[in-house]
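A short worksheet on the structure shown next.
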Amino acid sequence: MRALEPWVEQPLASFLSESEARLTLLMTGAGQVVAQHGFTRAFDVMSAAALGAGIVSSTEEMARVMGARPFRALTHQGRGLGLFLSAFETSAGRWIGLVVFDRDTSLGLVQLFFDRMVQELVEGAPQTEARQQVLAQDFEQELQSSLRALFGR
Amino acid sequence: MTVDYGLPLETLTRLRGVRGAMVVSAEDGIVVADALMEDVSGEAVAALAASLAQRMGQAVTATGYAVPTFLHLQTSAGALLIVPTGEDLLLIVFGSPDINVGLTRVEMLNVSEQLH
C-alpha cells in the first residue's frame, strides 16, 4: 500500500485488512491518484484512475439527465471479480474510491468497510483548501511525481 | 413470481427477545428484506453475518459434513441465528440474551420453507 498523504494510510490500511479487497485506488475527482494498493505497474494505475474518474463523471451526468441525485456507488460484479466505485466529499476535495474484490470477500463487506474508511478519512482530513486541480502544463510533471511516490521509484 | 418477505419476517420479530430479522443475499451480504429495531444497522449485520455463514459453511464442508442448515452464535450480549434459504439467500435473526432459541429456530425453519 502506498499513499501520497500520510493521514490516508491508517484508514486505508484498516479498510484493506477488513475488506480483503485485492486492488484499491483513491483518487481526486479529476483522476489524480492519492493512494493505491495492489497495483504493480504505474501504467495500470494511470489507466484505472482515468477510467474510474470517467465512469463517475458519466454516471453523475446520467443521474442529472434523469433528474435524480448522483448515484452513491456503482458496482460491477463478474463471476470471479467485482468492482466497486464510489465518490465522496472530504475537506481535501471530492475523492473517488475504486475497489476490485474477489470471492474471498463480498460486496456487502466492501461497502461496509468502505463507508467506515470514508468516515475516518472525512474526520482525519486536514482542514485545508481542497487540493488544487493540476493544470495542463503541469500534468506530466505532477503525474510522474505521483507515480514515483506511489511506486517508490 | 414475487415473494412477499414482509409478513414472514414480522412473524419472527414477534418472538421473545428477537430484535431483527432479515433476508440477505448469501454471496453478496446485501439486504434483500428486513424487519429491524430502529437502532440496528442492518447493512452491517447482513454483510458480517453472510461472511460468517460462508466461512462456517466452508469449515463444516471441509470436515466432510454437509452444508449447515442452522447456525447459532451465542454471545453474552445476545444471539445470532442463520438459516440458509433456497439457492442464494440467508434468513438471519438476532436478539437479546433472553431469546428463545428453540422456538425461534422452529419458526425460522418454517419461514425458510415459505420462502422457497
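Identifiers for the C-alpha cells are assigned positionally: chains receive A, B, ... in sequence, residues are indexed from 1 per chain, and ligands are indexed from 1 in the order shown.
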
task = Write out as a list in words the residues lying within 12 Å of Gln10 (chain A), counting only C-alpha atoms and excluding same-chain residues fewer than 2 positions away.
result =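 Those residues are Met1, Arg2, Ala3, Glu5, Pro6, Trp7, Val8, Leu12, Ala13, Ser14, Phe15, Leu16, Ser17, Ala35, Arg116, Met117, Val118, Glu120, Leu121, Gly124 and Ala125 of chain A.
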
Output C-alpha atoms for every residue in the selection just made, as a short mmCIF file (atom, residue, chain, number, x, y, z; two decimals), in the first residue's frame.
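Written file, part.cif:
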data_model
loop_
_atom_site.label_atom_id
_atom_site.label_comp_id
_atom_site.auth_asym_id
_atom_site.auth_seq_id
_atom_site.Cartn_x
_atom_site.Cartn_y
_atom_site.Cartn_z
CA MET A 1 0.00 0.00 0.00
CA ARG A 2 1.29 3.46 -0.92
CA ALA A 3 -0.24 6.85 -0.16
CA GLU A 5 -0.90 11.80 2.00
CA PRO A 6 0.23 10.29 5.36
CA TRP A 7 -3.18 10.78 7.02
CA VAL A 8 -4.72 8.46 4.41
CA LEU A 12 -6.80 2.69 4.01
CA ALA A 13 -4.80 0.03 5.86
CA SER A 14 -7.81 -0.75 8.07
CA PHE A 15 -10.07 -0.99 5.03
CA LEU A 16 -7.68 -3.35 3.24
CA SER A 17 -7.30 -5.54 6.29
CA ALA A 35 -3.19 6.18 -2.75
CA ARG A 116 -16.10 3.24 7.57
CA MET A 117 -12.93 4.26 5.72
CA VAL A 118 -14.72 7.27 4.23
CA GLU A 120 -12.30 8.07 9.01
CA LEU A 121 -10.94 9.98 6.01
CA GLY A 124 -8.93 12.83 9.56
CA ALA A 125 -8.62 15.12 6.56
#

message = Would you pick out the contacts of Ser25 (chain B) at 10 Å or less, using only C-alpha atoms, so that residues sharing its chain but fewer than 5 positions from it are not included, and give the list as a list in words?
response = Gly108 of chain A; Ile30, Val31, Val32, Ala33, Ala46, Ala47, Ala50, Pro84, Thr85, Glu87, Asp88, Leu89, Leu90 and Leu91 of chain B

Expected file: the selected residues, N, CA and C atoms, as a short mmCIF file (atom, residue, chain, number, x, y, z; two decimals), in the first residue's frame:
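Writing done, so here's selection_23.cif:
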data_model
loop_
_atom_site.label_atom_id
_atom_site.label_comp_id
_atom_site.auth_asym_id
_atom_site.auth_seq_id
_atom_site.Cartn_x
_atom_site.Cartn_y
_atom_site.Cartn_z
N GLY A 108 -21.07 -6.77 0.20
CA GLY A 108 -21.55 -6.22 1.47
C GLY A 108 -20.41 -5.80 2.38
N ILE B 30 -25.78 -8.60 0.95
CA ILE B 30 -26.63 -7.42 0.77
C ILE B 30 -28.04 -7.73 1.28
N VAL B 31 -28.67 -6.76 1.94
CA VAL B 31 -30.01 -6.95 2.49
C VAL B 31 -31.04 -7.04 1.37
N VAL B 32 -31.87 -8.10 1.41
CA VAL B 32 -32.98 -8.24 0.46
C VAL B 32 -34.26 -7.70 1.09
N ALA B 33 -34.49 -8.03 2.35
CA ALA B 33 -35.66 -7.52 3.09
C ALA B 33 -35.33 -7.58 4.57
N ALA B 46 -25.90 -7.71 8.00
CA ALA B 46 -26.04 -8.55 6.81
C ALA B 46 -24.68 -8.93 6.23
N ALA B 47 -23.82 -7.94 6.07
CA ALA B 47 -22.51 -8.19 5.47
C ALA B 47 -21.67 -9.13 6.33
N ALA B 50 -23.32 -12.76 6.65
CA ALA B 50 -23.17 -13.54 5.42
C ALA B 50 -21.74 -14.05 5.29
N PRO B 84 -29.67 -20.98 6.07
CA PRO B 84 -29.57 -20.86 4.60
C PRO B 84 -30.91 -21.21 3.97
N THR B 85 -31.35 -20.37 3.03
CA THR B 85 -32.69 -20.50 2.45
C THR B 85 -32.60 -20.47 0.94
N GLU B 87 -31.42 -21.13 -2.91
CA GLU B 87 -30.12 -21.22 -3.58
C GLU B 87 -29.11 -20.23 -3.01
N ASP B 88 -29.53 -19.00 -2.80
CA ASP B 88 -28.56 -17.95 -2.53
C ASP B 88 -29.06 -16.94 -1.50
N LEU B 89 -29.85 -17.41 -0.54
CA LEU B 89 -30.36 -16.48 0.47
C LEU B 89 -30.06 -17.01 1.86
N LEU B 90 -30.01 -16.09 2.80
CA LEU B 90 -29.86 -16.45 4.21
C LEU B 90 -30.99 -15.78 4.98
N LEU B 91 -31.58 -16.52 5.88
CA LEU B 91 -32.54 -15.95 6.82
C LEU B 91 -31.78 -15.71 8.11
#

DSSP on the backbone, then: every residue of chain B marked strand (DSSP E or B), written as a PDB file with N, CA and C atoms, in the first residue's frame.
ATOM      1  N   VAL B  18     -36.332 -11.251  20.088  1.00  0.00           N
ATOM      2  CA  VAL B  18     -35.853 -11.002  18.717  1.00  0.00           C
ATOM      3  C   VAL B  18     -35.825  -9.497  18.452  1.00  0.00           C
ATOM      4  N   ARG B  19     -34.668  -9.014  17.985  1.00  0.00           N
ATOM      5  CA  ARG B  19     -34.519  -7.577  17.709  1.00  0.00           C
ATOM      6  C   ARG B  19     -34.476  -7.272  16.222  1.00  0.00           C
ATOM      7  N   GLY B  20     -34.363  -8.323  15.427  1.00  0.00           N
ATOM      8  CA  GLY B  20     -34.365  -8.085  13.986  1.00  0.00           C
ATOM      9  C   GLY B  20     -34.347  -9.379  13.211  1.00  0.00           C
ATOM     10  N   ALA B  21     -34.950  -9.334  12.024  1.00  0.00           N
ATOM     11  CA  ALA B  21     -34.948 -10.483  11.118  1.00  0.00           C
ATOM     12  C   ALA B  21     -34.700  -9.964   9.708  1.00  0.00           C
ATOM     13  N   MET B  22     -33.902 -10.703   8.962  1.00  0.00           N
ATOM     14  CA  MET B  22     -33.538 -10.236   7.627  1.00  0.00           C
ATOM     15  C   MET B  22     -33.431 -11.393   6.646  1.00  0.00           C
ATOM     16  N   VAL B  23     -33.706 -11.099   5.390  1.00  0.00           N
ATOM     17  CA  VAL B  23     -33.342 -11.998   4.302  1.00  0.00           C
ATOM     18  C   VAL B  23     -32.180 -11.322   3.581  1.00  0.00           C
ATOM     19  N   VAL B  24     -31.101 -12.061   3.408  1.00  0.00           N
ATOM     20  CA  VAL B  24     -29.849 -11.490   2.900  1.00  0.00           C
ATOM     21  C   VAL B  24     -29.320 -12.344   1.746  1.00  0.00           C
ATOM     22  N   SER B  25     -28.747 -11.706   0.761  1.00  0.00           N
ATOM     23  CA  SER B  25     -28.076 -12.436  -0.317  1.00  0.00           C
ATOM     24  C   SER B  25     -26.826 -13.110   0.250  1.00  0.00           C
ATOM     25  N   VAL B  31     -28.667  -6.757   1.936  1.00  0.00           N
ATOM     26  CA  VAL B  31     -30.005  -6.950   2.490  1.00  0.00           C
ATOM     27  C   VAL B  31     -31.038  -7.044   1.367  1.00  0.00           C
ATOM     28  N   VAL B  32     -31.869  -8.100   1.414  1.00  0.00           N
ATOM     29  CA  VAL B  32     -32.979  -8.242   0.463  1.00  0.00           C
ATOM     30  C   VAL B  32     -34.260  -7.703   1.094  1.00  0.00           C
ATOM     31  N   ALA B  33     -34.493  -8.035   2.354  1.00  0.00           N
ATOM     32  CA  ALA B  33     -35.657  -7.524   3.093  1.00  0.00           C
ATOM     33  C   ALA B  33     -35.326  -7.576   4.570  1.00  0.00           C
ATOM     34  N   ASP B  34     -35.914  -6.664   5.348  1.00  0.00           N
ATOM     35  CA  ASP B  34     -35.621  -6.689   6.777  1.00  0.00           C
ATOM     36  C   ASP B  34     -36.773  -6.173   7.614  1.00  0.00           C
ATOM     37  N   ALA B  35     -36.762  -6.566   8.870  1.00  0.00           N
ATOM     38  CA  ALA B  35     -37.673  -6.047   9.886  1.00  0.00           C
ATOM     39  C   ALA B  35     -36.823  -5.889  11.132  1.00  0.00           C
ATOM     40  N   LEU B  36     -36.425  -4.641  11.410  1.00  0.00           N
ATOM     41  CA  LEU B  36     -35.401  -4.394  12.434  1.00  0.00           C
ATOM     42  C   LEU B  36     -35.853  -3.374  13.456  1.00  0.00           C
ATOM     43  N   LEU B  71     -27.244 -22.151  11.884  1.00  0.00           N
ATOM     44  CA  LEU B  71     -26.061 -21.662  12.603  1.00  0.00           C
ATOM     45  C   LEU B  71     -26.523 -20.849  13.805  1.00  0.00           C
ATOM     46  N   HIS B  72     -25.881 -21.059  14.927  1.00  0.00           N
ATOM     47  CA  HIS B  72     -26.251 -20.361  16.159  1.00  0.00           C
ATOM     48  C   HIS B  72     -24.986 -19.820  16.815  1.00  0.00           C
ATOM     49  N   LEU B  73     -24.871 -18.501  16.886  1.00  0.00           N
ATOM     50  CA  LEU B  73     -23.734 -17.862  17.551  1.00  0.00           C
ATOM     51  C   LEU B  73     -24.263 -17.195  18.813  1.00  0.00           C
ATOM     52  N   GLN B  74     -23.808 -17.669  19.963  1.00  0.00           N
ATOM     53  CA  GLN B  74     -24.294 -17.126  21.238  1.00  0.00           C
ATOM     54  C   GLN B  74     -23.210 -16.271  21.875  1.00  0.00           C
ATOM     55  N   ALA B  79     -27.715 -13.185  20.674  1.00  0.00           N
ATOM     56  CA  ALA B  79     -27.527 -14.364  19.826  1.00  0.00           C
ATOM     57  C   ALA B  79     -27.774 -13.996  18.364  1.00  0.00           C
ATOM     58  N   LEU B  80     -27.068 -14.705  17.484  1.00  0.00           N
ATOM     59  CA  LEU B  80     -27.249 -14.551  16.042  1.00  0.00           C
ATOM     60  C   LEU B  80     -27.589 -15.925  15.480  1.00  0.00           C
ATOM     61  N   LEU B  81     -28.702 -16.010  14.767  1.00  0.00           N
ATOM     62  CA  LEU B  81     -29.164 -17.278  14.205  1.00  0.00           C
ATOM     63  C   LEU B  81     -29.271 -17.142  12.692  1.00  0.00           C
ATOM     64  N   ILE B  82     -28.792 -18.143  11.962  1.00  0.00           N
ATOM     65  CA  ILE B  82     -28.788 -18.071  10.497  1.00  0.00           C
ATOM     66  C   ILE B  82     -29.308 -19.390   9.916  1.00  0.00           C
ATOM     67  N   VAL B  83     -30.231 -19.272   8.969  1.00  0.00           N
ATOM     68  CA  VAL B  83     -30.728 -20.447   8.241  1.00  0.00           C
ATOM     69  C   VAL B  83     -30.525 -20.198   6.744  1.00  0.00           C
ATOM     70  N   PRO B  84     -29.667 -20.983   6.069  1.00  0.00           N
ATOM     71  CA  PRO B  84     -29.568 -20.863   4.599  1.00  0.00           C
ATOM     72  C   PRO B  84     -30.914 -21.207   3.970  1.00  0.00           C
ATOM     73  N   THR B  85     -31.352 -20.369   3.029  1.00  0.00           N
ATOM     74  CA  THR B  85     -32.692 -20.498   2.452  1.00  0.00           C
ATOM     75  C   THR B  85     -32.600 -20.467   0.939  1.00  0.00           C
ATOM     76  N   LEU B  89     -29.846 -17.406  -0.541  1.00  0.00           N
ATOM     77  CA  LEU B  89     -30.360 -16.481   0.467  1.00  0.00           C
ATOM     78  C   LEU B  89     -30.056 -17.007   1.865  1.00  0.00           C
ATOM     79  N   LEU B  90     -30.008 -16.086   2.799  1.00  0.00           N
ATOM     80  CA  LEU B  90     -29.863 -16.448   4.206  1.00  0.00           C
ATOM     81  C   LEU B  90     -30.992 -15.783   4.977  1.00  0.00           C
ATOM     82  N   LEU B  91     -31.580 -16.522   5.883  1.00  0.00           N
ATOM     83  CA  LEU B  91     -32.544 -15.948   6.818  1.00  0.00           C
ATOM     84  C   LEU B  91     -31.776 -15.707   8.114  1.00  0.00           C
ATOM     85  N   ILE B  92     -31.724 -14.454   8.549  1.00  0.00           N
ATOM     86  CA  ILE B  92     -30.909 -14.088   9.714  1.00  0.00           C
ATOM     87  C   ILE B  92     -31.799 -13.479  10.793  1.00  0.00           C
ATOM     88  N   VAL B  93     -31.629 -13.949  12.002  1.00  0.00           N
ATOM     89  CA  VAL B  93     -32.342 -13.384  13.149  1.00  0.00           C
ATOM     90  C   VAL B  93     -31.319 -13.114  14.245  1.00  0.00           C
ATOM     91  N   PHE B  94     -31.457 -11.975  14.923  1.00  0.00           N
ATOM     92  CA  PHE B  94     -30.590 -11.703  16.067  1.00  0.00           C
ATOM     93  C   PHE B  94     -31.437 -11.130  17.198  1.00  0.00           C
ATOM     94  N   GLY B  95     -30.945 -11.335  18.412  1.00  0.00           N
ATOM     95  CA  GLY B  95     -31.755 -10.890  19.537  1.00  0.00           C
ATOM     96  C   GLY B  95     -30.979 -10.802  20.827  1.00  0.00           C
TER      97      GLY B  95
END

In region 1-141 of chain A, what's helix (DSSP H, G or I) per DSSP? Answer as a PDB file with C-alpha atoms, in the first residue's frame?
ATOM      1  CA  PRO A   6       0.232  10.288   5.359  1.00  0.00           C
ATOM      2  CA  TRP A   7      -3.182  10.778   7.022  1.00  0.00           C
ATOM      3  CA  VAL A   8      -4.720   8.459   4.407  1.00  0.00           C
ATOM      4  CA  GLU A   9      -2.552   5.482   5.359  1.00  0.00           C
ATOM      5  CA  GLN A  10      -4.270   4.283   8.544  1.00  0.00           C
ATOM      6  CA  PRO A  11      -7.878   4.388   7.248  1.00  0.00           C
ATOM      7  CA  LEU A  12      -6.799   2.695   4.015  1.00  0.00           C
ATOM      8  CA  ALA A  13      -4.800   0.028   5.858  1.00  0.00           C
ATOM      9  CA  SER A  14      -7.812  -0.753   8.075  1.00  0.00           C
ATOM     10  CA  PHE A  15     -10.066  -0.988   5.028  1.00  0.00           C
ATOM     11  CA  LEU A  16      -7.683  -3.347   3.239  1.00  0.00           C
ATOM     12  CA  SER A  17      -7.300  -5.540   6.293  1.00  0.00           C
ATOM     13  CA  GLU A  18     -11.041  -5.784   6.987  1.00  0.00           C
ATOM     14  CA  SER A  19     -12.428  -5.965   3.455  1.00  0.00           C
ATOM     15  CA  ALA A  42       2.265   2.548 -12.973  1.00  0.00           C
ATOM     16  CA  PHE A  43       0.522   2.204 -16.315  1.00  0.00           C
ATOM     17  CA  ASP A  44      -2.304   0.203 -14.703  1.00  0.00           C
ATOM     18  CA  VAL A  45      -2.777   2.864 -12.034  1.00  0.00           C
ATOM     19  CA  MET A  46      -2.949   5.614 -14.632  1.00  0.00           C
ATOM     20  CA  SER A  47      -5.488   3.680 -16.697  1.00  0.00           C
ATOM     21  CA  ALA A  48      -7.655   2.680 -13.742  1.00  0.00           C
ATOM     22  CA  ALA A  49      -7.671   6.223 -12.336  1.00  0.00           C
ATOM     23  CA  ALA A  50      -8.635   7.766 -15.651  1.00  0.00           C
ATOM     24  CA  LEU A  51     -11.329   5.174 -16.325  1.00  0.00           C
ATOM     25  CA  GLY A  52     -12.714   5.331 -12.770  1.00  0.00           C
ATOM     26  CA  ALA A  53     -12.969   9.121 -12.805  1.00  0.00           C
ATOM     27  CA  GLY A  54     -14.583   8.933 -16.237  1.00  0.00           C
ATOM     28  CA  ILE A  55     -17.181   6.395 -15.089  1.00  0.00           C
ATOM     29  CA  VAL A  56     -18.100   8.507 -12.062  1.00  0.00           C
ATOM     30  CA  SER A  57     -18.475  11.586 -14.256  1.00  0.00           C
ATOM     31  CA  SER A  58     -20.608   9.651 -16.734  1.00  0.00           C
ATOM     32  CA  THR A  59     -22.953   8.231 -14.099  1.00  0.00           C
ATOM     33  CA  GLU A  60     -23.293  11.618 -12.402  1.00  0.00           C
ATOM     34  CA  GLU A  61     -24.272  13.145 -15.714  1.00  0.00           C
ATOM     35  CA  MET A  62     -26.705  10.291 -16.297  1.00  0.00           C
ATOM     36  CA  ALA A  63     -28.271  10.952 -12.891  1.00  0.00           C
ATOM     37  CA  ARG A  64     -28.544  14.644 -13.753  1.00  0.00           C
ATOM     38  CA  VAL A  65     -30.295  13.840 -17.044  1.00  0.00           C
ATOM     39  CA  LEU A 107     -19.884  -6.687  -1.908  1.00  0.00           C
ATOM     40  CA  GLY A 108     -21.549  -6.221   1.469  1.00  0.00           C
ATOM     41  CA  LEU A 109     -18.232  -6.312   3.335  1.00  0.00           C
ATOM     42  CA  VAL A 110     -16.560  -3.998   0.811  1.00  0.00           C
ATOM     43  CA  GLN A 111     -19.416  -1.485   1.131  1.00  0.00           C
ATOM     44  CA  LEU A 112     -19.467  -1.715   4.910  1.00  0.00           C
ATOM     45  CA  PHE A 113     -15.746  -1.137   5.404  1.00  0.00           C
ATOM     46  CA  PHE A 114     -15.521   1.385   2.567  1.00  0.00           C
ATOM     47  CA  ASP A 115     -18.131   3.520   4.366  1.00  0.00           C
ATOM     48  CA  ARG A 116     -16.096   3.238   7.573  1.00  0.00           C
ATOM     49  CA  MET A 117     -12.930   4.259   5.718  1.00  0.00           C
ATOM     50  CA  VAL A 118     -14.720   7.268   4.232  1.00  0.00           C
ATOM     51  CA  GLN A 119     -15.876   8.312   7.696  1.00  0.00           C
ATOM     52  CA  GLU A 120     -12.299   8.067   9.007  1.00  0.00           C
ATOM     53  CA  LEU A 121     -10.936   9.984   6.013  1.00  0.00           C
ATOM     54  CA  VAL A 122     -13.523  12.738   6.443  1.00  0.00           C
ATOM     55  CA  GLU A 123     -12.688  13.024  10.142  1.00  0.00           C
ATOM     56  CA  GLY A 124      -8.933  12.833   9.559  1.00  0.00           C
ATOM     57  CA  ALA A 136      -2.479  21.025 -18.334  1.00  0.00           C
ATOM     58  CA  GLN A 137       1.088  22.385 -18.446  1.00  0.00           C
ATOM     59  CA  ASP A 138       1.894  20.757 -15.085  1.00  0.00           C
ATOM     60  CA  PHE A 139       0.101  17.495 -15.762  1.00  0.00           C
ATOM     61  CA  GLU A 140       3.033  15.388 -16.949  1.00  0.00           C
ATOM     62  CA  GLN A 141       5.301  16.534 -14.130  1.00  0.00           C
TER      63      GLN A 141
END

ask   = Excluding same-chain residues fewer than 6 positions from region 97-110 of chain B, what lies within 7 Å of it counting only C-alpha atoms, as a ChimeraX atom specification?
value = /B:12,15-18,76-79

Could those residues be written to a file, using C-alpha atoms, as an mmCIF file, in the first residue's frame?
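part18.cif, freshly written:
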data_model
loop_
_atom_site.group_PDB
_atom_site.id
_atom_site.type_symbol
_atom_site.label_atom_id
_atom_site.label_comp_id
_atom_site.auth_asym_id
_atom_site.auth_seq_id
_atom_site.Cartn_x
_atom_site.Cartn_y
_atom_site.Cartn_z
ATOM 1 C CA LEU B 12 -40.179 -13.702 13.562
ATOM 2 C CA LEU B 15 -40.938 -13.763 19.161
ATOM 3 C CA ARG B 16 -39.487 -13.015 22.600
ATOM 4 C CA GLY B 17 -36.047 -11.409 22.506
ATOM 5 C CA VAL B 18 -35.853 -11.002 18.717
ATOM 6 C CA SER B 76 -23.027 -12.663 26.425
ATOM 7 C CA ALA B 77 -24.930 -9.763 24.804
ATOM 8 C CA GLY B 78 -27.205 -11.743 22.515
ATOM 9 C CA ALA B 79 -27.527 -14.364 19.826
#

Residues of chain B within 8 Å of chain A, only C-alpha atoms counted, as a PyMOL selection string = chain B and resi 27-30+43-44+46-48+51

Env of Thr24 (chain A): 6 Å cut, atoms = only C-alpha atoms, seq-sep filter 5 positions within chain, self excluded. Answer as a CSV table (one decimal) with N, CA and C atoms, in the first residue's frame.
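Result file part.csv:
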chain,number,residue,atom,x,y,z
A,36,GLN,N,-2.8,3.9,-3.5
A,36,GLN,CA,-3.1,2.7,-4.2
A,36,GLN,C,-2.6,1.5,-3.4
A,37,HIS,N,-3.3,0.4,-3.7
A,37,HIS,CA,-2.9,-0.9,-3.1
A,37,HIS,C,-3.1,-2.0,-4.1
A,98,LEU,N,-11.9,3.4,-5.8
A,98,LEU,CA,-12.1,2.3,-6.8
A,98,LEU,C,-11.6,1.0,-6.1
A,99,VAL,N,-12.4,0.0,-6.0
A,99,VAL,CA,-12.0,-1.2,-5.3
A,99,VAL,C,-12.3,-2.4,-6.2

query = Could you work out how far CA of Val34 (chain A) lies from CA of Arg94 (chain A), giving the answer in Å with one decimal?
reply =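 Separating CA of Arg94 (chain A) from CA of Val34 (chain A) is a distance of 11.6 Å.
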
ask   = How many Å lie between CA of Arg41 (chain A) and CA of Arg72 (chain A), rounded to one decimal?
value =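 Taking CA of Arg41 (chain A) as the start and CA of Arg72 (chain A) as the end point, the length is 28.9 Å.
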
task = Determine the nearest neighbour of Phe101 (chain A) from the options A:Gln32, A:Ser145, A:Ser86, A:Thr75, counting only C-alpha atoms.
result =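 Looking at the shortest contact to Phe101 (chain A), the residue is A:Thr75.
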
request  = Mind checking which residues fall within 9 Å of Gly57 (chain B), counting only C-alpha atoms, ignoring those fewer than 5 positions away in the same chain, and posting them as a ChimeraX atom specification?
outcome  = /B:52,62,66-68
